[in-house]
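**Q** One structure coming up, written as structure tokens, with questions to follow.
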Amino acid sequence: MSNNNLHSIVKLYWGQLLALLIQILKDVELSEDALQDALESAFIHWNKNGIPQNPKAWLLATAKHKAIDRIRRSKNFEEKKIQYQQLLDIQTDTGIKEDEFTIPDERLRLIFTCCHPALNTNISVALTLQLLGGLTTLEIANAYLVKKDTMAQRIVRGKRKIKQAGIPYNIPEKLDFDQRLGTVLKVLYLIFNEGYSASNGDIPIRQSLCNEAIRLTQVLLNLCNNEPEIKGLLALMLLHDSRKATRFNESDEFIPLENQNRSMWNIQQIEQGVSLVQSALKQKKIGTYQLQAAISAIHAESDDYQSTNWHEITLIYDEILKINASDVVRLNQLVALSQIKPVNELIKPLDSLENSLVTYQPFYAVKADFLNKLNNKEKAKIYYQKAIDLCENQKIKHYLEKKLLNL
Amino acid sequence: MKYIALIYADENSGPQYGTDEFNQLIEEYQIITDIYENDKVLMGGDALQDVNTATTVSSRNGKVETIDGPFAETKEQLGGYYLFECENLDEALKYAAMIPSAKYGRVEVRPIQEYS
């Protein structure tokens, strides 16, 4: 069996097996170590005897044995006797052979632990990728362009806080559920965006963040099936991801939405995204991800930029503003409005956003575009330059510089 | 697990002694104390006298230094605390969020170090 083969099996089962082990052992690090041990055994045994009929159950049983070994060997065995007893009980009392279908899925608890609001968002992102996604510390460090040691420290800090502060391993009560789910969705969206707006670094690694975010959101949706905001987020990710092949040209230059080759958008992802939005909106529990996805769906289904239903898009922005009155949303709405209204009517409302968006690159790019449309080239130049100075994404920066040159 | 909820607020913000709002605040404190006792999570708690009464001492090389005032001059001062026995952080946060001063101040929740 190849290393690659094992790697893909690990990735497939890691989150579910780890979540279950944590549920039994109440100890994140011991669970990880035991699962890691089991994988090492798997590599040796499976190479010799082939992959067992039920690899997941095999790994779980082996990980339990490994955990018992580790507890036996540990210095503070006395303290861990209870843990040990619990494991032994599980080993003997089930009687039934575990198979694919009887292994419970405890990943939802683990998601809520990793994305607990008592953890810094950076830490939540790393923990989610490692504990649920099965990514190694090095892989996460590479994806976030930080040193391995820095990422390792971040992850250790997170696990320590979970343990020492008593962050629970359970699904929040009904009263808190929506708010806590919001934190989970934010973390997943951040993972997606880090991959989607990757400006530099290794592109395949970055794309894997998008795939991982989509996969985890899909898992989350399966675990709490009818939550419309999860559908909304998944739809949003799929619809964005459907355009990935067209966002950069052969010379790796950024192509804005209006110039993308729509025939190359991924139809399957669009269909899946659109049907998720539709089903979410029918549930009449509106949220910002559903609304953003609805806007994305309009783009996905339009023949071109000009014939897009901008009127409807601006109305959806009104709905988003009712939930989240942010100036970034207002800025996006003004861009949509500029497709259907004379730009000179929009300059004043745009200027009113400057104070709060003073470090936000897109504000200056939009202002420059508006000024250019009004034929005020000199002023447009100043604002493009401001946008360029603020831009941290090399490809977008290059794109803005080209716009400035072409004025 | 044991958790302490440290109540920080600017002494000049929030209701002032002698006003109706202050009396209402005291009433609210009584209500939450009842809840804590009812739920059997309360292990202790006190309000502190105002920060003007604080004295800070340190001892270096056998020499004790005494200073008038709190250790750190910050906008928000420690005004009181509760000690909870809770199942986990979520439970502790739920009780801490009920503290009336959380509406204008802040409550820091920390687990108590337990030596085995």
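Naming scheme: A, B, ... for chains in displayed order of the structure tokens; residues 1 onward per chain; ligands 1 onward as shown.
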Taking only C-alpha atoms into account, which residues of chain A are within 8 Å of chain B, as a JSON list (two decimals) with C-alpha atoms, in the first residue's frame?
**A**
```json
[["chain", "number", "residue", "atom", "x", "y", "z"],
["A", 164, "GLN", "CA", -7.26, 24.04, 31.62],
["A", 165, "ALA", "CA", -10.21, 26.38, 31.22],
["A", 166, "GLY", "CA", -12.63, 23.48, 30.96],
["A", 167, "ILE", "CA", -13.98, 24.29, 27.49],
["A", 168, "PRO", "CA", -16.66, 21.61, 27.20]]
```
**Q** Can you check which residues of segment 22-78 of chain B DSSP gives as alpha helix (DSSP H) on the backbone and send them as a PyMOL selection string?
**A** chain B and resi 22-38
**Q** Could you write those residues out with N, CA and C atoms, as a compact mmCIF listing (two decimals), in the first residue's frame?
**A**
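The result, stored in part07.txt:
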```
# COMPACT_ATOMS: atom_id res chain seq x y z
N PHE B 22 -29.03 52.72 41.51
CA PHE B 22 -28.12 51.96 42.37
C PHE B 22 -28.91 50.92 43.17
N ASN B 23 -30.05 51.35 43.71
CA ASN B 23 -30.87 50.41 44.47
C ASN B 23 -31.33 49.24 43.61
N GLN B 24 -31.63 49.57 42.36
CA GLN B 24 -32.07 48.52 41.44
C GLN B 24 -30.94 47.53 41.17
N LEU B 25 -29.73 48.09 41.06
CA LEU B 25 -28.55 47.25 40.82
C LEU B 25 -28.37 46.27 41.98
N ILE B 26 -28.52 46.80 43.21
CA ILE B 26 -28.37 45.94 44.39
C ILE B 26 -29.41 44.82 44.36
N GLU B 27 -30.63 45.21 43.96
CA GLU B 27 -31.70 44.22 43.86
C GLU B 27 -31.34 43.13 42.87
N GLU B 28 -30.79 43.58 41.72
CA GLU B 28 -30.40 42.60 40.70
C GLU B 28 -29.32 41.66 41.23
N TYR B 29 -28.39 42.22 42.00
CA TYR B 29 -27.35 41.37 42.61
C TYR B 29 -27.98 40.33 43.53
N GLN B 30 -29.03 40.77 44.27
CA GLN B 30 -29.69 39.80 45.15
C GLN B 30 -30.35 38.68 44.36
N ILE B 31 -30.95 39.08 43.25
CA ILE B 31 -31.64 38.07 42.43
C ILE B 31 -30.65 37.02 41.91
N ILE B 32 -29.50 37.49 41.37
CA ILE B 32 -28.56 36.49 40.82
C ILE B 32 -27.96 35.64 41.93
N THR B 33 -27.71 36.24 43.09
CA THR B 33 -27.16 35.45 44.20
C THR B 33 -28.12 34.32 44.56
N ASP B 34 -29.41 34.66 44.53
CA ASP B 34 -30.43 33.61 44.79
C ASP B 34 -30.33 32.50 43.75
N ILE B 35 -30.20 32.90 42.47
CA ILE B 35 -30.09 31.89 41.40
C ILE B 35 -28.87 31.01 41.64
N TYR B 36 -27.73 31.63 41.93
CA TYR B 36 -26.50 30.86 42.15
C TYR B 36 -26.68 29.86 43.29
N GLU B 37 -27.32 30.35 44.37
CA GLU B 37 -27.50 29.46 45.53
C GLU B 37 -28.46 28.32 45.20
N ASN B 38 -29.51 28.69 44.51
CA ASN B 38 -30.49 27.69 44.09
C ASN B 38 -29.86 26.59 43.24
```
**Q** I'd like the neighbourhood of segment 73-82 of chain B as a PDB file with N, CA and C atoms, in the first residue's frame, where a residue qualifies if any of its atoms comes within 9 Å (using only C-alpha atoms), though same-chain residues fewer than 5 positions away should be ignored.
**A**
```pdb
ATOM      1  N   TYR B   3     -14.271  28.167  39.269  1.00  0.00           N
ATOM      2  CA  TYR B   3     -13.979  29.346  38.456  1.00  0.00           C
ATOM      3  C   TYR B   3     -14.162  30.594  39.300  1.00  0.00           C
ATOM      4  N   ILE B   4     -13.317  31.586  39.060  1.00  0.00           N
ATOM      5  CA  ILE B   4     -13.560  32.877  39.698  1.00  0.00           C
ATOM      6  C   ILE B   4     -14.022  33.848  38.625  1.00  0.00           C
ATOM      7  N   ALA B   5     -15.024  34.654  38.973  1.00  0.00           N
ATOM      8  CA  ALA B   5     -15.490  35.700  38.065  1.00  0.00           C
ATOM      9  C   ALA B   5     -15.077  37.025  38.683  1.00  0.00           C
ATOM     10  N   LEU B   6     -14.130  37.695  38.032  1.00  0.00           N
ATOM     11  CA  LEU B   6     -13.603  38.968  38.543  1.00  0.00           C
ATOM     12  C   LEU B   6     -14.357  40.112  37.869  1.00  0.00           C
ATOM     13  N   ILE B   7     -14.946  40.950  38.689  1.00  0.00           N
ATOM     14  CA  ILE B   7     -15.816  41.997  38.141  1.00  0.00           C
ATOM     15  C   ILE B   7     -15.048  43.316  38.052  1.00  0.00           C
ATOM     16  N   TYR B   8     -14.831  43.762  36.822  1.00  0.00           N
ATOM     17  CA  TYR B   8     -14.119  45.015  36.603  1.00  0.00           C
ATOM     18  C   TYR B   8     -15.091  46.062  36.069  1.00  0.00           C
ATOM     19  N   ALA B   9     -15.010  47.272  36.614  1.00  0.00           N
ATOM     20  CA  ALA B   9     -15.806  48.353  36.060  1.00  0.00           C
ATOM     21  C   ALA B   9     -15.152  49.679  36.428  1.00  0.00           C
ATOM     22  N   ASP B  10     -15.422  50.672  35.642  1.00  0.00           N
ATOM     23  CA  ASP B  10     -15.000  52.028  35.974  1.00  0.00           C
ATOM     24  C   ASP B  10     -15.911  52.486  37.105  1.00  0.00           C
ATOM     25  N   GLU B  11     -15.299  52.850  38.223  1.00  0.00           N
ATOM     26  CA  GLU B  11     -16.126  53.199  39.393  1.00  0.00           C
ATOM     27  C   GLU B  11     -17.024  54.396  39.129  1.00  0.00           C
ATOM     28  N   LEU B  42     -22.633  28.431  43.882  1.00  0.00           N
ATOM     29  CA  LEU B  42     -21.945  29.534  44.558  1.00  0.00           C
ATOM     30  C   LEU B  42     -21.034  29.019  45.662  1.00  0.00           C
ATOM     31  N   MET B  43     -19.738  29.375  45.556  1.00  0.00           N
ATOM     32  CA  MET B  43     -18.802  28.987  46.626  1.00  0.00           C
ATOM     33  C   MET B  43     -18.362  30.192  47.424  1.00  0.00           C
ATOM     34  N   GLY B  44     -18.619  31.361  46.917  1.00  0.00           N
ATOM     35  CA  GLY B  44     -18.225  32.558  47.639  1.00  0.00           C
ATOM     36  C   GLY B  44     -18.326  33.761  46.741  1.00  0.00           C
ATOM     37  N   GLY B  45     -18.175  34.937  47.318  1.00  0.00           N
ATOM     38  CA  GLY B  45     -18.234  36.143  46.511  1.00  0.00           C
ATOM     39  C   GLY B  45     -18.352  37.348  47.419  1.00  0.00           C
ATOM     40  N   ASP B  46     -17.767  38.448  46.986  1.00  0.00           N
ATOM     41  CA  ASP B  46     -17.807  39.669  47.778  1.00  0.00           C
ATOM     42  C   ASP B  46     -17.705  40.864  46.865  1.00  0.00           C
ATOM     43  N   ALA B  47     -18.185  41.977  47.391  1.00  0.00           N
ATOM     44  CA  ALA B  47     -17.902  43.247  46.731  1.00  0.00           C
ATOM     45  C   ALA B  47     -16.738  43.880  47.483  1.00  0.00           C
ATOM     46  N   LEU B  48     -15.913  44.617  46.747  1.00  0.00           N
ATOM     47  CA  LEU B  48     -14.775  45.264  47.388  1.00  0.00           C
ATOM     48  C   LEU B  48     -15.098  46.736  47.641  1.00  0.00           C
ATOM     49  N   GLN B  49     -14.436  47.321  48.642  1.00  0.00           N
ATOM     50  CA  GLN B  49     -14.570  48.762  48.829  1.00  0.00           C
ATOM     51  C   GLN B  49     -13.864  49.460  47.665  1.00  0.00           C
ATOM     52  N   ASP B  50     -14.138  50.743  47.496  1.00  0.00           N
ATOM     53  CA  ASP B  50     -13.657  51.373  46.257  1.00  0.00           C
ATOM     54  C   ASP B  50     -12.133  51.448  46.209  1.00  0.00           C
ATOM     55  N   VAL B  51     -11.630  51.712  45.022  1.00  0.00           N
ATOM     56  CA  VAL B  51     -10.203  51.564  44.736  1.00  0.00           C
ATOM     57  C   VAL B  51      -9.347  52.559  45.537  1.00  0.00           C
ATOM     58  N   ALA B  96     -21.604  33.986  34.867  1.00  0.00           N
ATOM     59  CA  ALA B  96     -20.856  35.245  34.900  1.00  0.00           C
ATOM     60  C   ALA B  96     -21.593  36.331  34.109  1.00  0.00           C
ATOM     61  N   GLY B 105     -19.583  47.143  32.825  1.00  0.00           N
ATOM     62  CA  GLY B 105     -18.180  46.792  33.031  1.00  0.00           C
ATOM     63  C   GLY B 105     -17.848  45.518  32.294  1.00  0.00           C
ATOM     64  N   ARG B 106     -16.928  44.735  32.846  1.00  0.00           N
ATOM     65  CA  ARG B 106     -16.511  43.479  32.241  1.00  0.00           C
ATOM     66  C   ARG B 106     -16.280  42.446  33.327  1.00  0.00           C
ATOM     67  N   VAL B 107     -16.522  41.212  32.996  1.00  0.00           N
ATOM     68  CA  VAL B 107     -16.275  40.144  33.962  1.00  0.00           C
ATOM     69  C   VAL B 107     -15.255  39.176  33.369  1.00  0.00           C
TER      70      VAL B 107
END
```
**Q** Would you list the contacts of segment 228-236 of chain A as a PyMOL selection string, taking every protein, DNA or RNA residue within 10 Å and counting only C-alpha atoms, but skipping same-chain residues closer than 4 positions in sequence?
**A** chain A and resi 178+181-182+184-186+188-189+213-218+220-222+224+240-242+269-297
**Q** Those same residues - N, CA and C atoms - I'd like them written as a compact mmCIF listing (two decimals), in the first residue's frame.
**A**
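Saved result, result-v1.txt, follows:
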```txt
# COMPACT_ATOMS: atom_id res chain seq x y z
N ASP A 178 -27.64 29.09 18.10
CA ASP A 178 -27.49 29.91 16.89
C ASP A 178 -26.24 30.78 16.96
N LEU A 181 -23.21 28.59 16.66
CA LEU A 181 -23.08 28.12 15.28
C LEU A 181 -22.47 29.23 14.42
N GLY A 182 -22.86 30.46 14.73
CA GLY A 182 -22.31 31.61 14.01
C GLY A 182 -20.79 31.64 14.10
N VAL A 184 -18.81 29.06 14.60
CA VAL A 184 -18.31 27.94 13.80
C VAL A 184 -18.27 28.32 12.32
N LEU A 185 -19.37 28.91 11.85
CA LEU A 185 -19.45 29.26 10.43
C LEU A 185 -18.40 30.31 10.07
N LYS A 186 -18.17 31.23 10.99
CA LYS A 186 -17.16 32.27 10.74
C LYS A 186 -15.78 31.63 10.54
N LEU A 188 -15.10 28.54 9.59
CA LEU A 188 -15.07 27.79 8.32
C LEU A 188 -14.93 28.74 7.13
N TYR A 189 -15.63 29.87 7.20
CA TYR A 189 -15.57 30.84 6.10
C TYR A 189 -14.17 31.46 6.01
N ALA A 213 -12.42 23.46 3.62
CA ALA A 213 -13.52 24.25 4.18
C ALA A 213 -14.85 23.74 3.64
N ILE A 214 -14.90 23.45 2.35
CA ILE A 214 -16.13 22.93 1.74
C ILE A 214 -16.48 21.57 2.34
N ARG A 215 -15.46 20.72 2.48
CA ARG A 215 -15.69 19.38 3.03
C ARG A 215 -16.22 19.47 4.47
N LEU A 216 -15.59 20.31 5.29
CA LEU A 216 -16.01 20.42 6.69
C LEU A 216 -17.41 21.03 6.80
N THR A 217 -17.72 21.99 5.94
CA THR A 217 -19.04 22.60 5.98
C THR A 217 -20.10 21.57 5.57
N GLN A 218 -19.72 20.72 4.61
CA GLN A 218 -20.62 19.64 4.20
C GLN A 218 -20.87 18.67 5.38
N LEU A 220 -20.63 19.42 8.54
CA LEU A 220 -21.44 20.16 9.50
C LEU A 220 -22.92 20.14 9.09
N LEU A 221 -23.15 20.32 7.80
CA LEU A 221 -24.53 20.31 7.30
C LEU A 221 -25.17 18.93 7.50
N ASN A 222 -24.40 17.87 7.25
CA ASN A 222 -24.93 16.52 7.45
C ASN A 222 -25.28 16.29 8.92
N CYS A 224 -26.08 18.67 11.25
CA CYS A 224 -27.29 19.41 11.69
C CYS A 224 -28.05 19.80 10.43
N HIS A 240 -18.57 30.55 -5.10
CA HIS A 240 -17.28 31.23 -5.28
C HIS A 240 -16.29 30.29 -5.96
N ASP A 241 -16.23 29.07 -5.41
CA ASP A 241 -15.25 28.11 -5.89
C ASP A 241 -15.49 27.75 -7.36
N SER A 242 -16.75 27.86 -7.80
CA SER A 242 -17.08 27.50 -9.18
C SER A 242 -16.36 28.40 -10.19
N GLN A 269 -20.87 22.72 -9.48
CA GLN A 269 -20.84 23.48 -8.24
C GLN A 269 -21.94 24.54 -8.23
N ILE A 270 -22.16 25.15 -9.39
CA ILE A 270 -23.21 26.18 -9.47
C ILE A 270 -24.58 25.57 -9.18
N GLU A 271 -24.85 24.42 -9.82
CA GLU A 271 -26.16 23.78 -9.62
C GLU A 271 -26.35 23.41 -8.15
N GLN A 272 -25.31 22.84 -7.55
CA GLN A 272 -25.39 22.45 -6.16
C GLN A 272 -25.60 23.68 -5.27
N GLY A 273 -24.84 24.74 -5.55
CA GLY A 273 -24.95 25.97 -4.77
C GLY A 273 -26.33 26.59 -4.88
N VAL A 274 -26.82 26.70 -6.11
CA VAL A 274 -28.12 27.34 -6.33
C VAL A 274 -29.23 26.56 -5.62
N SER A 275 -29.16 25.24 -5.70
CA SER A 275 -30.26 24.48 -5.09
C SER A 275 -30.18 24.55 -3.56
N LEU A 276 -28.96 24.66 -3.02
CA LEU A 276 -28.82 24.85 -1.56
C LEU A 276 -29.41 26.20 -1.13
N VAL A 277 -29.13 27.26 -1.87
CA VAL A 277 -29.69 28.58 -1.51
C VAL A 277 -31.21 28.53 -1.55
N GLN A 278 -31.72 27.95 -2.63
CA GLN A 278 -33.18 27.91 -2.77
C GLN A 278 -33.82 27.17 -1.59
N SER A 279 -33.22 26.02 -1.24
CA SER A 279 -33.83 25.25 -0.17
C SER A 279 -33.69 25.98 1.17
N ALA A 280 -32.56 26.70 1.36
CA ALA A 280 -32.37 27.45 2.61
C ALA A 280 -33.39 28.58 2.73
N LEU A 281 -33.55 29.35 1.64
CA LEU A 281 -34.44 30.52 1.70
C LEU A 281 -35.89 30.12 1.97
N LYS A 282 -36.26 28.93 1.51
CA LYS A 282 -37.63 28.45 1.73
C LYS A 282 -37.92 28.24 3.22
N GLN A 283 -36.85 28.04 4.00
CA GLN A 283 -37.06 27.77 5.43
C GLN A 283 -37.40 29.03 6.24
N LYS A 284 -37.28 30.19 5.59
CA LYS A 284 -37.67 31.46 6.20
C LYS A 284 -36.96 31.74 7.52
N LYS A 285 -35.71 31.38 7.57
CA LYS A 285 -34.88 31.77 8.73
C LYS A 285 -33.63 32.39 8.12
N ILE A 286 -33.84 33.65 7.68
CA ILE A 286 -32.83 34.32 6.86
C ILE A 286 -31.56 34.63 7.66
N GLY A 287 -30.43 34.53 6.99
CA GLY A 287 -29.17 34.92 7.60
C GLY A 287 -28.24 35.47 6.54
N THR A 288 -27.13 36.07 6.97
CA THR A 288 -26.28 36.77 6.01
C THR A 288 -25.61 35.84 5.01
N TYR A 289 -25.28 34.61 5.43
CA TYR A 289 -24.64 33.71 4.46
C TYR A 289 -25.61 33.34 3.34
N GLN A 290 -26.87 33.10 3.71
CA GLN A 290 -27.87 32.77 2.68
C GLN A 290 -28.01 33.93 1.70
N LEU A 291 -28.02 35.15 2.25
CA LEU A 291 -28.23 36.31 1.39
C LEU A 291 -27.02 36.55 0.48
N GLN A 292 -25.83 36.39 1.05
CA GLN A 292 -24.63 36.54 0.21
C GLN A 292 -24.61 35.47 -0.88
N ALA A 293 -25.02 34.26 -0.50
CA ALA A 293 -25.07 33.18 -1.48
C ALA A 293 -26.11 33.48 -2.55
N ALA A 294 -27.23 34.12 -2.14
CA ALA A 294 -28.27 34.47 -3.11
C ALA A 294 -27.70 35.44 -4.15
N ILE A 295 -26.88 36.39 -3.70
CA ILE A 295 -26.25 37.33 -4.64
C ILE A 295 -25.31 36.57 -5.58
N SER A 296 -24.51 35.69 -4.98
CA SER A 296 -23.59 34.88 -5.79
C SER A 296 -24.34 34.05 -6.82
N ALA A 297 -25.50 33.54 -6.41
CA ALA A 297 -26.30 32.71 -7.31
C ALA A 297 -26.80 33.54 -8.50
```
**Q** If we count only C-alpha atoms, what is near Lys244 of chain A at a cut-off of 10 Å, once residues fewer than 2 positions away on the same chain are taken out, given as a short mmCIF file (atom, residue, chain, number, x, y, z; two decimals) with N, CA and C atoms, in the first residue's frame?
**A**
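What follows is the written file out01.cif:
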```cif
data_model
loop_
_atom_site.label_atom_id
_atom_site.label_comp_id
_atom_site.auth_asym_id
_atom_site.auth_seq_id
_atom_site.Cartn_x
_atom_site.Cartn_y
_atom_site.Cartn_z
N TYR A 196 -9.14 31.10 -0.85
CA TYR A 196 -9.72 31.72 -2.05
C TYR A 196 -8.97 32.99 -2.44
N GLN A 207 -5.42 26.06 -2.40
CA GLN A 207 -6.67 25.51 -2.92
C GLN A 207 -7.17 24.41 -1.99
N LEU A 239 -20.35 28.42 -4.82
CA LEU A 239 -20.54 29.37 -5.91
C LEU A 239 -19.27 30.18 -6.17
N HIS A 240 -18.57 30.55 -5.10
CA HIS A 240 -17.28 31.23 -5.28
C HIS A 240 -16.29 30.29 -5.96
N ASP A 241 -16.23 29.07 -5.41
CA ASP A 241 -15.25 28.11 -5.89
C ASP A 241 -15.49 27.75 -7.36
N SER A 242 -16.75 27.86 -7.80
CA SER A 242 -17.08 27.50 -9.18
C SER A 242 -16.36 28.40 -10.19
N THR A 246 -11.35 30.72 -13.56
CA THR A 246 -11.40 31.90 -14.44
C THR A 246 -10.92 33.18 -13.74
N ARG A 247 -10.45 33.05 -12.50
CA ARG A 247 -10.10 34.27 -11.77
C ARG A 247 -8.71 34.80 -12.10
N PHE A 248 -7.89 33.95 -12.74
CA PHE A 248 -6.54 34.38 -13.13
C PHE A 248 -6.26 33.89 -14.54
N GLN A 260 -14.56 37.70 -16.56
CA GLN A 260 -14.31 36.26 -16.48
C GLN A 260 -15.07 35.50 -17.58
N MET A 264 -16.50 28.83 -18.54
CA MET A 264 -15.59 27.94 -17.83
C MET A 264 -15.93 27.79 -16.34
N TRP A 265 -17.00 28.44 -15.90
CA TRP A 265 -17.42 28.26 -14.51
C TRP A 265 -17.89 26.82 -14.31
N ASN A 266 -17.68 26.29 -13.12
CA ASN A 266 -18.01 24.89 -12.83
C ASN A 266 -19.53 24.71 -12.64
#
```
**Q** Would you work out the distance separating atom CA of Asp327 of chain A from atom CA of Pro349 of chain A, expressed in Å to one decimal?
**A**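 So the two atoms, atom CA of Asp327 of chain A and atom CA of Pro349 of chain A, lie 10.7 Å apart.
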**Q** Just the number, please: distance in Å from atom CA of Phe370 of chain A to atom CA of Glu354 of chain A, one decimal.
**A**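 Computing the Euclidean distance for atom CA of Phe370 of chain A and atom CA of Glu354 of chain A yields 14.0 Å.
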**Q** Write down as a PyMOL selection string the residues belonging to segment 13-51 of chain B that are assigned strand (DSSP E) by DSSP computed on the backbone.
**A** chain B and resi 42-47
